[in-house]
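Each remark here refers to the structure printed beneath this line.
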Amino acid sequence: MTAPYDPELNGNGGFFKRFWAMTVKEFIQMTRDRVTLATMIMIPVMQLLLFGFAINTTPHDLPTAVLMRENSDVGRSILAALKNTDFFEVQSVITRSEDMDSLLKSGRALFVVEIPEGFERAVRRGETPALLVAADATDPVASSSALGALSGIVTSALANDRQIEFSEPSKPAFSIVQHRRYNPAGSSTLNIVPGLLGTILTMTLLIFTALSVTREMERGTMENLLSMPIRPLEIMFGKITPYVLIGLIQALIIISAGILVFRVPILGDLPSLALATALFVIANLSIGYTFSTLATNQLQAIQMAMMFFLPNILLSGFMFPFAGMPGWAQWIGEALPLTHYIRIVRAIMLKGADIATLAYDTGVLAGLMMLAMLIAVRRFRRTLD
Amino acid sequence: MSTVPATDKAPETVIDVHHLTKSFGGRKVVDDVSMSVKKGRIHGFLGPNGSGKTTTIRMLCGLLTPDSGDGTCLGFDILTESDRIRRRVGYMTQKFSLYQDLSIRENLEFVARVYGLSDARGKAKAAIERLGLKGREKQLAGELSGGWKQRLALGACILPEPALLLLDEPTAGVDPQARRDFWNEIHALAADGLSVLVSTHYMDEAERCHEIAYIAYGKLLVQGTVDEVIEGTGLVTWTVSGPDVHHLQAELSKQPGIDMIAPFGLSLHVAGHDESALEQAIAPYRDRSGFKWEKGEATLEDAFIDLMGRSEDNFR
């Protein structure tokens, strides 16, 4: 039922009185549930410490074997080079190819570098012979980044050997040349902290509001609320507002921990970050609230929130590179608030951007928020029909 | 906005609805109900469980949209002006529906704020004193006993000074003393000009109403004062007392002319619609030793049992 314009309800600042009534009520209810309140504060800290330390996509000390088909200077210098990096841990040097298969199959080695017979002679003749590398690619993230590193290591080792003939070959005179902008150390924590900020906020905020309307339905208080002269917009704002505060507190905790524990820099300005975070918090709360108006009980609401949460993690560019996804998945990703928030946060924190240069992502975030609110207000049933 | 502004319509009839019908899942829960409630009157709404009382009340305050039918509540159209009705109606739900995790004071302040009352804290404080809950205002509503919950719910209902109270079985599960207090309060409010529609199962409560309406299987069967309702059934009642009225009941129930027999303690109420047929039917038993026959007035309960019996017949 659409309520016609009623001057009696709109005059005298009635909107703000009712909105404020709802906000105060929700705030008291929130503080009364001590366990949930404590969880709200603890979740971000725990998740950040847990994932910040655990997730590291740059592997090191990968168990490696070297298959030496010839005993040459070049072979030895490659071996020494491998031993000198953190990426690989050369555990055995073998001479038979049967050993290679068993090492890989059993998992005792993730990499086997094979130096074929006549390799040194071919190199000296400039024939660019093949260096064989067998990698266990069951963990593609680990193997691909190590493979990338390997070619660099070997190239340097060979160049070194060819230029300075007859000199000491094992001298560590090479370096792995990598150019990683914005994250020069290649540290995945720098990437993960902004991602975790968005993920933790999404998960907790969605559920707060997803339960808000259905809880009133299940407790039977909705009948009383609906019989009062309060309108859907006022109820929605009143239910969202207290959690905006909670969301901002969570964000503050995560960002502080990111700076203190993980040394994540904030190159951009704080007002931009705060503004984007507030927008993201409200967008998620609105979406959760929308689920709450669609669901008929709390279990349904939680399931809807989870169904929405999963693509947020998987398709937002948090877990997998956004550019690597097929077009349709990117389209879905574009419709998720987390995708845009992660872009904004990475840009502000790591690249020093401000909100003005991120107009597209900010605009989409605001658009998603408005859409969710529109659906929620239209879907909110003012009657028990 | 502390008082409800007087409307220029100023209706003498506060509830005036016609042919209200509501179905759930293809079943007509309320079927063609028309009723009117006058200002300052306490209108009792009676009927067995599931007869459509709650649904009717919900349609009056805008919580349910009727499938068909129309009417006004406090002069406002129930279909299009439900916001104005909400502002002026206090609805007390059957189940306690204030916030159990809010304190007494917080619940009352919430209600005062939602209705846009100025000085919500002061109004809530006054209500607490009026309810006799001073000193307990910080207690959570969920921790109150049934009787106190009911008092608090009524207090919250009348806080915004409504013109009409809709009370859905307000005294269910409440002890007799609390019920008596509750009804004294209702009468005091009605004396001040508040109109009340109250649904109940209790006969003594029905008799305390100015007017009653009886609904069964979604149909409004009768409406009027208690005397009018009893008269309207046209029942002639005899009361018989004596030993072993149970056996007598079994014998009498086979007699034509007797429409209703109901045991009341050690006596039986024997009633019929046709006076001469009834007297003919009981004649053979009147001289039986040990039994005392008295011609009496039909009670409201007799009337309702008769109404219920007749409406069941209609639905068989």
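Naming scheme: A, B, ... for chains in displayed order of the structure tokens; residues 1 onward per chain; ligands 1 onward as shown.
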List as a Markdown table every residue of chain B that is in contact with chain A, defined as an atom at most 6 Å from one of its atoms (using only C-alpha atoms), together with the nearest atom pair and the distance in Å rounded to one decimal, sorted by chain and then rising number.
```
| residue | atom | partner | partner_atom | distance |
| --- | --- | --- | --- | --- |
| B:Leu63 | CA | A:Thr383 | CA | 4.5 |
| B:Leu64 | CA | A:Thr383 | CA | 5.3 |
| B:Asp83 | CA | A:Pro229 | CA | 5.9 |
| B:Arg86 | CA | A:Pro229 | CA | 5.2 |
| B:Arg87 | CA | A:Pro229 | CA | 5.4 |
| B:Ser97 | CA | A:Thr221 | CA | 4.4 |
| B:Leu98 | CA | A:Thr221 | CA | 5.9 |
| B:Phe110 | CA | A:Ala21 | CA | 5.6 |
| B:Arg113 | CA | A:Ala21 | CA | 5.3 |
| B:Val114 | CA | A:Arg18 | CA | 4.6 |
| B:Gly116 | CA | A:Lys17 | CA | 6.0 |
```
- Task: Quick one: everything within 10 Å of Phe291 (chain B), counting only C-alpha atoms, minus sequence neighbours fewer than 2 positions away in the same chain. Send it as a PyMOL selection string.
- Result: chain B and resi 240-245+248+267+285-289+293-294
Just write the chosen residues, all heavy atoms, as a tab-separated table (two decimals), in the first residue's frame.
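Below you can see out11.tsv, which holds the result:
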```
chain	number	residue	atom	x	y	z
B	240	VAL	N	-33.52	-26.17	35.81
B	240	VAL	CA	-33.92	-27.30	36.64
B	240	VAL	C	-32.73	-27.72	37.48
B	240	VAL	O	-31.62	-27.83	37.01
B	240	VAL	CB	-34.46	-28.48	35.78
B	240	VAL	CG1	-33.45	-28.88	34.71
B	240	VAL	CG2	-34.82	-29.67	36.65
B	241	SER	N	-33.02	-27.90	38.80
B	241	SER	CA	-31.96	-28.37	39.67
B	241	SER	C	-32.42	-29.60	40.42
B	241	SER	O	-33.61	-29.81	40.61
B	241	SER	CB	-31.55	-27.25	40.64
B	241	SER	OG	-32.70	-26.79	41.33
B	242	GLY	N	-31.50	-30.42	40.82
B	242	GLY	CA	-31.86	-31.65	41.51
B	242	GLY	C	-30.73	-32.64	41.40
B	242	GLY	O	-29.66	-32.31	40.86
B	243	PRO	N	-30.96	-33.87	41.92
B	243	PRO	CA	-29.89	-34.86	41.87
B	243	PRO	C	-29.74	-35.42	40.45
B	243	PRO	O	-30.74	-35.52	39.72
B	243	PRO	CB	-30.39	-35.95	42.83
B	243	PRO	CG	-31.87	-35.83	42.79
B	243	PRO	CD	-32.20	-34.39	42.51
B	244	ASP	N	-28.57	-35.69	40.11
B	244	ASP	CA	-28.30	-36.40	38.86
B	244	ASP	C	-28.93	-35.73	37.62
B	244	ASP	O	-29.63	-36.36	36.85
B	244	ASP	CB	-28.79	-37.86	38.98
B	244	ASP	CG	-28.17	-38.73	37.89
B	244	ASP	OD1	-27.14	-38.29	37.32
B	244	ASP	OD2	-28.72	-39.80	37.61
B	245	VAL	N	-28.65	-34.40	37.48
B	245	VAL	CA	-29.19	-33.72	36.31
B	245	VAL	C	-28.56	-34.23	35.02
B	245	VAL	O	-29.08	-34.03	33.93
B	245	VAL	CB	-29.00	-32.18	36.40
B	245	VAL	CG1	-29.95	-31.58	37.42
B	245	VAL	CG2	-27.56	-31.82	36.71
B	248	LEU	N	-30.84	-36.56	33.42
B	248	LEU	CA	-31.98	-35.80	32.93
B	248	LEU	C	-31.64	-35.11	31.61
B	248	LEU	O	-32.45	-35.09	30.68
B	248	LEU	CB	-32.39	-34.76	33.98
B	248	LEU	CG	-33.68	-34.01	33.70
B	248	LEU	CD1	-34.89	-34.93	33.73
B	248	LEU	CD2	-33.87	-32.88	34.71
B	267	SER	N	-27.26	-27.45	38.26
B	267	SER	CA	-28.53	-27.26	37.55
B	267	SER	C	-28.31	-27.30	36.04
B	267	SER	O	-27.19	-27.29	35.56
B	267	SER	CB	-29.16	-25.92	37.96
B	267	SER	OG	-28.27	-24.87	37.66
B	285	TYR	N	-41.59	-34.06	32.80
B	285	TYR	CA	-40.51	-34.16	33.78
B	285	TYR	C	-40.72	-33.25	34.98
B	285	TYR	O	-40.03	-33.34	35.96
B	285	TYR	CB	-39.17	-33.79	33.12
B	285	TYR	CG	-38.84	-34.69	31.93
B	285	TYR	CD1	-39.19	-34.32	30.64
B	285	TYR	CD2	-38.22	-35.92	32.15
B	285	TYR	CE1	-38.92	-35.14	29.56
B	285	TYR	CE2	-37.93	-36.74	31.06
B	285	TYR	CZ	-38.28	-36.36	29.78
B	285	TYR	OH	-38.00	-37.18	28.73
B	286	ARG	N	-41.69	-32.35	34.86
B	286	ARG	CA	-41.82	-31.33	35.90
B	286	ARG	C	-42.26	-31.89	37.23
B	286	ARG	O	-41.97	-31.32	38.27
B	286	ARG	CB	-42.79	-30.23	35.45
B	286	ARG	CG	-42.19	-29.41	34.34
B	286	ARG	CD	-42.98	-28.19	34.07
B	286	ARG	NE	-43.06	-27.32	35.23
B	286	ARG	CZ	-43.69	-26.15	35.20
B	286	ARG	NH1	-44.29	-25.73	34.10
B	286	ARG	NH2	-43.74	-25.40	36.28
B	287	ASP	N	-43.03	-33.02	37.16
B	287	ASP	CA	-43.53	-33.58	38.42
B	287	ASP	C	-42.55	-34.59	39.01
B	287	ASP	O	-42.79	-35.15	40.07
B	287	ASP	CB	-44.88	-34.26	38.17
B	287	ASP	CG	-45.86	-33.24	37.64
B	287	ASP	OD1	-45.72	-32.05	38.01
B	287	ASP	OD2	-46.73	-33.60	36.83
B	288	ARG	N	-41.51	-34.87	38.32
B	288	ARG	CA	-40.56	-35.86	38.82
B	288	ARG	C	-39.98	-35.40	40.15
B	288	ARG	O	-39.60	-34.26	40.32
B	288	ARG	CB	-39.42	-36.04	37.81
B	288	ARG	CG	-38.77	-37.39	37.92
B	288	ARG	CD	-37.71	-37.55	36.87
B	288	ARG	NE	-38.25	-38.23	35.67
B	288	ARG	CZ	-37.47	-38.81	34.76
B	288	ARG	NH1	-36.17	-38.76	34.86
B	288	ARG	NH2	-38.01	-39.42	33.72
B	289	SER	N	-39.97	-36.32	41.10
B	289	SER	CA	-39.60	-35.91	42.45
B	289	SER	C	-38.11	-35.57	42.53
B	289	SER	O	-37.28	-36.14	41.81
B	289	SER	CB	-39.91	-37.05	43.44
B	289	SER	OG	-39.09	-38.16	43.13
B	293	TRP	N	-38.08	-27.03	39.20
B	293	TRP	CA	-38.10	-26.31	37.92
B	293	TRP	C	-38.41	-24.84	38.16
B	293	TRP	O	-39.26	-24.48	38.93
B	293	TRP	CB	-39.16	-26.90	36.98
B	293	TRP	CG	-38.75	-28.24	36.44
B	293	TRP	CD1	-38.89	-29.43	37.05
B	293	TRP	CD2	-38.14	-28.47	35.19
B	293	TRP	NE1	-38.40	-30.44	36.28
B	293	TRP	CE2	-37.92	-29.85	35.10
B	293	TRP	CE3	-37.74	-27.66	34.12
B	293	TRP	CZ2	-37.34	-30.44	33.98
B	293	TRP	CZ3	-37.18	-28.26	33.03
B	293	TRP	CH2	-36.98	-29.64	32.96
B	294	GLU	N	-37.71	-23.98	37.49
B	294	GLU	CA	-37.94	-22.55	37.62
B	294	GLU	C	-37.83	-21.91	36.26
B	294	GLU	O	-36.88	-22.17	35.51
B	294	GLU	CB	-36.86	-21.93	38.52
B	294	GLU	CG	-37.37	-21.51	39.88
B	294	GLU	CD	-36.25	-20.94	40.74
B	294	GLU	OE1	-35.32	-21.74	41.08
B	294	GLU	OE2	-36.28	-19.76	41.01
```
- Message: Neighbouring residues of region 306-312 of chain B were defined as those with any atom within 10 Å, considering only C-alpha atoms; residues of the same chain fewer than 3 positions away were excluded. Please report them as a list in words.
- Response: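 These residues fall inside the cut-off: Gly47, Pro48, Tyr214, Ile215, Ala216, Tyr217, Lys219, Leu221, Val222, Thr233, Leu235, Asp259, Met260, Ile261, Ala262, Ala271, Gly272, His273, Leu300, Glu301, Asp302, Ala303, Phe315 and Arg316 of chain B.
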Counting only C-alpha atoms, what is within 9 Å of Leu285 (chain A), bar same-chain residues fewer than 3 positions away, as a compact mmCIF listing (two decimals) with all heavy atoms, in the first residue's frame?
```
# COMPACT_ATOMS: atom_id res chain seq x y z
N THR A 202 31.70 -6.36 4.90
CA THR A 202 30.57 -6.93 4.17
C THR A 202 29.90 -8.01 4.99
O THR A 202 28.69 -8.01 5.19
CB THR A 202 31.05 -7.53 2.83
OG1 THR A 202 31.71 -6.53 2.09
CG2 THR A 202 29.87 -8.05 2.01
N LEU A 205 28.26 -6.57 8.43
CA LEU A 205 27.19 -5.58 8.26
C LEU A 205 25.96 -6.18 7.60
O LEU A 205 24.84 -5.87 7.97
CB LEU A 205 27.70 -4.39 7.45
CG LEU A 205 28.85 -3.62 8.11
CD1 LEU A 205 29.33 -2.51 7.20
CD2 LEU A 205 28.38 -3.03 9.44
N LEU A 206 26.19 -7.06 6.60
CA LEU A 206 25.06 -7.68 5.90
C LEU A 206 24.16 -8.38 6.91
O LEU A 206 22.95 -8.26 6.87
CB LEU A 206 25.55 -8.72 4.91
CG LEU A 206 25.92 -8.28 3.51
CD1 LEU A 206 26.38 -9.50 2.73
CD2 LEU A 206 24.75 -7.63 2.83
N ILE A 207 24.80 -9.10 7.83
CA ILE A 207 24.01 -9.91 8.76
C ILE A 207 23.29 -9.05 9.80
O ILE A 207 22.15 -9.32 10.14
CB ILE A 207 24.90 -11.00 9.40
CG1 ILE A 207 25.24 -12.01 8.30
CG2 ILE A 207 24.20 -11.68 10.56
CD1 ILE A 207 26.03 -13.19 8.73
N PHE A 208 23.95 -7.98 10.26
CA PHE A 208 23.27 -7.11 11.24
C PHE A 208 21.88 -6.71 10.75
O PHE A 208 20.88 -6.86 11.44
CB PHE A 208 24.06 -5.81 11.47
CG PHE A 208 25.37 -6.01 12.17
CD1 PHE A 208 26.41 -5.12 11.99
CD2 PHE A 208 25.56 -7.08 13.03
CE1 PHE A 208 27.62 -5.29 12.63
CE2 PHE A 208 26.76 -7.26 13.68
CZ PHE A 208 27.80 -6.37 13.48
N THR A 209 21.86 -6.14 9.54
CA THR A 209 20.56 -5.62 9.07
C THR A 209 19.70 -6.71 8.44
O THR A 209 18.49 -6.56 8.42
CB THR A 209 20.76 -4.47 8.08
OG1 THR A 209 21.82 -4.79 7.20
CG2 THR A 209 21.03 -3.17 8.80
N ALA A 210 20.31 -7.79 7.96
CA ALA A 210 19.50 -8.86 7.39
C ALA A 210 18.55 -9.41 8.45
O ALA A 210 17.47 -9.89 8.15
CB ALA A 210 20.38 -9.97 6.83
N ILE A 240 19.20 1.30 10.27
CA ILE A 240 20.53 1.30 9.68
C ILE A 240 21.51 2.15 10.50
O ILE A 240 22.65 1.75 10.72
CB ILE A 240 20.46 1.77 8.20
CG1 ILE A 240 19.88 0.66 7.33
CG2 ILE A 240 21.83 2.17 7.70
CD1 ILE A 240 19.74 1.03 5.88
N TYR A 243 24.08 0.95 13.15
CA TYR A 243 25.10 0.05 12.62
C TYR A 243 26.12 0.76 11.75
O TYR A 243 27.20 0.24 11.49
CB TYR A 243 24.44 -1.11 11.86
CG TYR A 243 23.67 -2.00 12.80
CD1 TYR A 243 22.29 -2.01 12.83
CD2 TYR A 243 24.36 -2.82 13.70
CE1 TYR A 243 21.60 -2.80 13.72
CE2 TYR A 243 23.67 -3.61 14.59
CZ TYR A 243 22.29 -3.61 14.60
OH TYR A 243 21.62 -4.38 15.48
N VAL A 244 25.78 1.95 11.27
CA VAL A 244 26.77 2.75 10.55
C VAL A 244 27.91 3.05 11.51
O VAL A 244 29.09 2.92 11.18
CB VAL A 244 26.15 4.05 10.01
CG1 VAL A 244 27.22 4.93 9.40
CG2 VAL A 244 25.07 3.75 8.98
N PHE A 280 30.38 2.71 1.71
CA PHE A 280 30.39 1.26 1.59
C PHE A 280 29.62 0.61 2.73
O PHE A 280 28.85 -0.33 2.53
CB PHE A 280 31.85 0.79 1.59
CG PHE A 280 32.01 -0.70 1.53
CD1 PHE A 280 31.66 -1.40 0.40
CD2 PHE A 280 32.54 -1.40 2.61
CE1 PHE A 280 31.82 -2.78 0.33
CE2 PHE A 280 32.70 -2.78 2.55
CZ PHE A 280 32.33 -3.46 1.41
N VAL A 281 29.81 1.14 3.93
CA VAL A 281 29.11 0.62 5.11
C VAL A 281 27.59 0.77 4.92
O VAL A 281 26.82 -0.19 5.08
CB VAL A 281 29.57 1.37 6.39
CG1 VAL A 281 28.60 1.14 7.53
CG2 VAL A 281 30.97 0.91 6.78
N ILE A 282 27.15 1.94 4.49
CA ILE A 282 25.72 2.17 4.32
C ILE A 282 25.17 1.30 3.18
O ILE A 282 24.07 0.75 3.28
CB ILE A 282 25.43 3.67 4.07
CG1 ILE A 282 25.88 4.49 5.28
CG2 ILE A 282 23.94 3.90 3.83
CD1 ILE A 282 25.86 5.98 5.06
N GLY A 288 21.65 -5.60 3.21
CA GLY A 288 21.21 -6.52 4.26
C GLY A 288 19.76 -6.25 4.64
O GLY A 288 18.96 -7.16 4.81
N TYR A 289 19.43 -4.97 4.75
CA TYR A 289 18.07 -4.58 5.12
C TYR A 289 17.08 -5.03 4.04
O TYR A 289 15.99 -5.48 4.36
CB TYR A 289 18.00 -3.07 5.32
CG TYR A 289 16.67 -2.60 5.83
CD1 TYR A 289 16.36 -2.69 7.18
CD2 TYR A 289 15.71 -2.09 4.97
CE1 TYR A 289 15.13 -2.29 7.65
CE2 TYR A 289 14.48 -1.67 5.43
CZ TYR A 289 14.19 -1.77 6.78
OH TYR A 289 12.97 -1.38 7.23
N THR A 290 17.51 -4.93 2.78
CA THR A 290 16.65 -5.38 1.68
C THR A 290 16.35 -6.87 1.82
O THR A 290 15.21 -7.30 1.69
CB THR A 290 17.32 -5.11 0.33
OG1 THR A 290 17.67 -3.73 0.27
CG2 THR A 290 16.41 -5.45 -0.82
N MET A 369 23.83 1.53 -3.36
CA MET A 369 23.21 1.86 -2.08
C MET A 369 21.78 2.37 -2.31
O MET A 369 20.84 1.90 -1.67
CB MET A 369 24.03 2.92 -1.37
CG MET A 369 23.48 3.37 -0.05
SD MET A 369 24.39 4.78 0.59
CE MET A 369 23.66 6.11 -0.33
```
- Based on DSSP run over this structure's backbone, return all residues of region 212-293 of chain B in strand (DSSP E), as a PyMOL selection string. chain B and resi 212-216+219-224+236-241+260-264+267-272+292-293
- Item | Given only C-alpha atoms as the counted atoms, nearest of A:Leu211, A:Met203, A:Leu131, A:Val112 to Met307 (chain A) |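 Nearest to Met307 (chain A): A:Met203.
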- Could you state the separation of CA of Val264 (chain A) and CA of Ile43 (chain A) in Å, given to one decimal place?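 Computing the Euclidean distance for CA of Val264 (chain A) and CA of Ile43 (chain A) yields 19.7 Å.
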Enumerate, in order of chain and increasing residue number, the residues of region 186-221 of chain A with an atom no farther than 9 Å from region 308-325 of chain A, each with its shortest atom pair and distance in Å to one decimal, counting only C-alpha atoms, as a Markdown table.
```
| residue | atom | partner | partner_atom | distance |
| --- | --- | --- | --- | --- |
| A:Asn191 | CA | A:Phe318 | CA | 8.5 |
| A:Ile192 | CA | A:Phe318 | CA | 7.5 |
| A:Pro194 | CA | A:Phe318 | CA | 8.8 |
| A:Gly195 | CA | A:Phe318 | CA | 5.4 |
| A:Leu196 | CA | A:Phe318 | CA | 8.0 |
| A:Gly198 | CA | A:Phe318 | CA | 8.9 |
| A:Thr199 | CA | A:Ile313 | CA | 6.8 |
| A:Thr202 | CA | A:Phe309 | CA | 7.2 |
| A:Met203 | CA | A:Phe309 | CA | 6.6 |
| A:Leu206 | CA | A:Phe309 | CA | 8.2 |
```
Emit the selected residues as a compact mmCIF listing (two decimals), in the first residue's frame, including all heavy atoms.
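Listed below is the output, out01.txt:
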```txt
# COMPACT_ATOMS: atom_id res chain seq x y z
N ASN A 191 48.30 -6.08 -0.05
CA ASN A 191 47.14 -6.28 -0.89
C ASN A 191 45.97 -6.82 -0.07
O ASN A 191 44.83 -6.46 -0.28
CB ASN A 191 47.52 -7.25 -2.00
CG ASN A 191 46.36 -7.55 -2.92
OD1 ASN A 191 45.42 -6.78 -2.97
ND2 ASN A 191 46.46 -8.65 -3.63
N ILE A 192 46.30 -7.67 0.88
CA ILE A 192 45.26 -8.38 1.61
C ILE A 192 44.57 -7.51 2.64
O ILE A 192 43.37 -7.62 2.85
CB ILE A 192 45.85 -9.66 2.22
CG1 ILE A 192 45.86 -10.75 1.15
CG2 ILE A 192 45.04 -10.14 3.42
CD1 ILE A 192 46.70 -11.93 1.50
N PRO A 194 43.65 -4.24 2.64
CA PRO A 194 42.48 -3.54 2.09
C PRO A 194 41.35 -4.49 1.72
O PRO A 194 40.18 -4.19 1.94
CB PRO A 194 43.03 -2.84 0.85
CG PRO A 194 44.49 -2.75 1.06
CD PRO A 194 44.86 -3.95 1.87
N GLY A 195 41.70 -5.65 1.17
CA GLY A 195 40.69 -6.63 0.81
C GLY A 195 39.95 -7.14 2.03
O GLY A 195 38.72 -7.25 2.02
N LEU A 196 40.71 -7.42 3.08
CA LEU A 196 40.08 -7.92 4.31
C LEU A 196 39.17 -6.87 4.93
O LEU A 196 38.11 -7.19 5.45
CB LEU A 196 41.16 -8.31 5.32
CG LEU A 196 41.67 -9.74 5.23
CD1 LEU A 196 42.74 -9.96 6.28
CD2 LEU A 196 40.55 -10.74 5.42
N GLY A 198 37.33 -4.71 3.43
CA GLY A 198 36.05 -4.77 2.74
C GLY A 198 35.30 -6.05 3.04
O GLY A 198 34.08 -6.05 3.25
N THR A 199 36.02 -7.18 3.07
CA THR A 199 35.36 -8.47 3.28
C THR A 199 34.75 -8.58 4.67
O THR A 199 33.60 -9.01 4.83
CB THR A 199 36.39 -9.61 3.09
OG1 THR A 199 37.08 -9.38 1.88
CG2 THR A 199 35.70 -10.94 3.04
N THR A 202 31.70 -6.36 4.90
CA THR A 202 30.57 -6.93 4.17
C THR A 202 29.90 -8.01 4.99
O THR A 202 28.69 -8.01 5.19
CB THR A 202 31.05 -7.53 2.83
OG1 THR A 202 31.71 -6.53 2.09
CG2 THR A 202 29.87 -8.05 2.01
N MET A 203 30.72 -8.94 5.50
CA MET A 203 30.15 -10.08 6.20
C MET A 203 29.37 -9.67 7.43
O MET A 203 28.23 -10.08 7.63
CB MET A 203 31.26 -11.05 6.60
CG MET A 203 30.72 -12.36 7.13
SD MET A 203 32.06 -13.43 7.63
CE MET A 203 32.55 -12.67 9.14
N LEU A 206 26.19 -7.06 6.60
CA LEU A 206 25.06 -7.68 5.90
C LEU A 206 24.16 -8.38 6.91
O LEU A 206 22.95 -8.26 6.87
CB LEU A 206 25.55 -8.72 4.91
CG LEU A 206 25.92 -8.28 3.51
CD1 LEU A 206 26.38 -9.50 2.73
CD2 LEU A 206 24.75 -7.63 2.83
```
Excluding same-chain residues fewer than 6 positions from Ala190 (chain B), what lies within 9 Å of it counting only C-alpha atoms, as a short mmCIF file (atom, residue, chain, number, x, y, z; two decimals) with C-alpha atoms, in the first residue's frame?
```cif
data_model
loop_
_atom_site.label_atom_id
_atom_site.label_comp_id
_atom_site.auth_asym_id
_atom_site.auth_seq_id
_atom_site.Cartn_x
_atom_site.Cartn_y
_atom_site.Cartn_z
CA LYS B 39 -18.29 7.31 20.50
CA GLY B 40 -17.59 6.76 24.18
CA ARG B 41 -18.97 3.26 24.12
CA ILE B 42 -17.31 -0.01 25.07
CA VAL B 196 -13.26 0.96 22.88
#
```
- Message: Report as an NGL selection string all protein, DNA and RNA residues lying within 12 Å of region 136-142 of chain B, evaluated on only C-alpha atoms, omitting residues in the same chain fewer than 2 positions from it.
- Response: (:A and (28-29 or 32 or 219)) or (:B and (96-109 or 121 or 124-129 or 131-134 or 144-153 or 156))
- Query: In Å to one decimal, how far is CA of Pro63 (chain A) from CA of Arg108 (chain A)?
  - Reply: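 Going from CA of Arg108 (chain A) over to CA of Pro63 (chain A), I get 6.7 Å.
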- Message: Using only C-alpha atoms, can you tell me which of A:Asn284, A:Thr155, A:Thr362, A:Thr64 comes closest to Gln91 (chain A)?
- Response: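 Result for the nearest residue to Gln91 (chain A): A:Thr64.
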- Message: Could you go through region 178-338 of chain A and tell me which residues DSSP, when run on the backbone, assigns to helix (DSSP H, G or I), listing them as a ChimeraX atom specification?
- Response: /A:188-210,212-219,221-226,232-262,270-294,298-315,322-324,327-334,337-338
